[in-house]
Amino acid sequence: QVQLVESGGGLVQAGGSLRLSCVASVISFRIDDMGWYRQAPGNQREMVAVISNSGITELADSVKGRFTISSDKAKNTVDLQMNSLKPEDTAVYSCYVRTLPWYEYFGQGTQVTVSS
C-alpha cells in the first residue's frame, strides 16, 4: 500500500516559481519511479517529470529548461522545482509513484495556478 502527501501548490504570477513536494509512505513494496503528472481542465493527465530509482530523469518537452525534479530515496520524497511559470502550466499536479511489483499510484493533487 502507498500513501502520497503533496504540498506546495498555489497561485503565482507568470514568470514566478513554485516548489512542489511529495512524501510517499510505502508498505511492502519498493519504489522504482517517482514523479509528477498534471491535468488541466478539459485535458488529459500528462507526465511532467519522472525520476527513476537510479536517478535518471525524464521531463516533458514543455517544461524542459524550466522545471527540475529531484528525489531523496532514503526519505521517499520527490520535489518539483518550477521556474519561469507560464499560464499554460496551470493545472492540478499529482505526485506519482511506480512500485515493484508494478503498481502505479497518484496523489490527490495540488492546484497550481499561474496568472498572466
# chains A, B, ... in the order shown; residues from 1 in each chain; ligands from 1
call {"tool": "residues_around", "arguments": {"residues": "Val26 (chain A)", "least_positions_apart": "2", "cutoff": "8 Å", "atoms": "only C-alpha atoms", "output": "list in words"}}
result
Gln1, Val2, Gln3, Ala24, Ser28, Phe29, Arg30 and Ile31 of chain A
call {"tool": "write_last_selection", "arguments": {"atoms": "N, CA, C and O atoms", "output": "compact mmCIF listing (two decimals), in the first residue's frame"}}
result
# COMPACT_ATOMS: atom_id res chain seq x y z
N GLN A 1 0.85 -1.18 0.00
CA GLN A 1 0.00 0.00 0.00
C GLN A 1 0.89 1.24 0.00
O GLN A 1 1.94 1.27 0.63
N VAL A 2 0.45 2.28 -0.73
CA VAL A 2 1.21 3.52 -0.85
C VAL A 2 0.30 4.71 -0.54
O VAL A 2 -0.82 4.78 -1.05
N GLN A 3 0.77 5.60 0.27
CA GLN A 3 0.08 6.87 0.51
C GLN A 3 0.99 8.00 0.09
O GLN A 3 2.19 7.99 0.40
N ALA A 24 6.09 9.88 0.14
CA ALA A 24 5.42 8.60 -0.08
C ALA A 24 5.62 7.69 1.13
O ALA A 24 6.74 7.50 1.59
N SER A 28 5.45 -2.69 2.18
CA SER A 28 5.67 -3.96 1.48
C SER A 28 6.30 -3.84 0.10
O SER A 28 6.96 -4.76 -0.35
N PHE A 29 6.08 -2.70 -0.59
CA PHE A 29 6.61 -2.58 -1.95
C PHE A 29 7.88 -1.74 -1.95
O PHE A 29 8.15 -0.99 -1.02
N ARG A 30 8.61 -1.83 -3.05
CA ARG A 30 9.77 -0.98 -3.26
C ARG A 30 9.41 0.07 -4.30
O ARG A 30 8.80 -0.24 -5.32
N ILE A 31 9.80 1.30 -4.05
CA ILE A 31 9.54 2.38 -5.01
C ILE A 31 10.58 2.32 -6.11
O ILE A 31 11.78 2.27 -5.84
call {"tool": "residues_around", "arguments": {"residues": "Ala91 (chain A)", "least_positions_apart": "5", "cutoff": "10 Å", "atoms": "only C-alpha atoms", "output": "PyMOL selection string"}}
result
chain A and resi 9+37-41+43+45+109-114
call {"tool": "closest_residue", "arguments": {"among": "A:Gln44, A:Ser52, A:Ser7, A:Ser17", "to": "Ser115 (chain A)", "atoms": "only C-alpha atoms"}}
result
A:Ser17
call {"tool": "residues_around", "arguments": {"residues": "Met82 (chain A)", "least_positions_apart": "6", "cutoff": "7 Å", "atoms": "only C-alpha atoms", "output": "number ranges by chain"}}
result
A: 17-19, 66-68
call {"tool": "residues_around", "arguments": {"residues": "Ser71 (chain A)", "least_positions_apart": "6", "cutoff": "10 Å", "atoms": "only C-alpha atoms", "output": "ChimeraX atom specification"}}
result
/A:21-23,33-35,50-53,55,77-80
call {"tool": "closest_residue", "arguments": {"among": "A:Val48, A:Ile69, A:Leu85, A:Ile27", "to": "Val12 (chain A)", "atoms": "only C-alpha atoms"}}
result
A:Leu85
call {"tool": "residues_around", "arguments": {"residues": "Tyr105 (chain A)", "least_positions_apart": "2", "cutoff": "8 Å", "atoms": "only C-alpha atoms", "output": "ChimeraX atom specification"}}
result
/A:2,96-98,103,107
call {"tool": "write_last_selection", "arguments": {"atoms": "N, CA and C atoms", "output": "tab-separated table (two decimals), in the first residue's frame"}}
result
chain	number	residue	atom	x	y	z
A	2	VAL	N	0.45	2.28	-0.73
A	2	VAL	CA	1.21	3.52	-0.85
A	2	VAL	C	0.30	4.71	-0.54
A	96	TYR	N	3.34	11.02	-8.33
A	96	TYR	CA	3.25	9.71	-8.99
A	96	TYR	C	4.32	8.78	-8.43
A	97	VAL	N	3.92	7.56	-8.19
A	97	VAL	CA	4.87	6.54	-7.74
A	97	VAL	C	4.60	5.25	-8.51
A	98	ARG	N	5.68	4.62	-8.96
A	98	ARG	CA	5.58	3.27	-9.54
A	98	ARG	C	6.41	2.35	-8.67
A	103	TYR	N	2.97	-1.46	-9.69
A	103	TYR	CA	1.72	-0.77	-9.45
A	103	TYR	C	2.00	0.72	-9.60
A	107	GLY	N	-1.26	10.79	-6.32
A	107	GLY	CA	-1.78	11.52	-5.20
A	107	GLY	C	-3.06	12.25	-5.56
call {"tool": "select_by_dssp", "arguments": {"residues": "region 13-102 of chain A", "states": "helix (DSSP H, G or I)", "output": "MDAnalysis selection string"}}
result
chainID A and resid 61:63 87:89
call {"tool": "atom_distance", "arguments": {"atom1": "CA of Glu88 (chain A)", "atom2": "CA of Met47 (chain A)"}}
result
14.5 Å
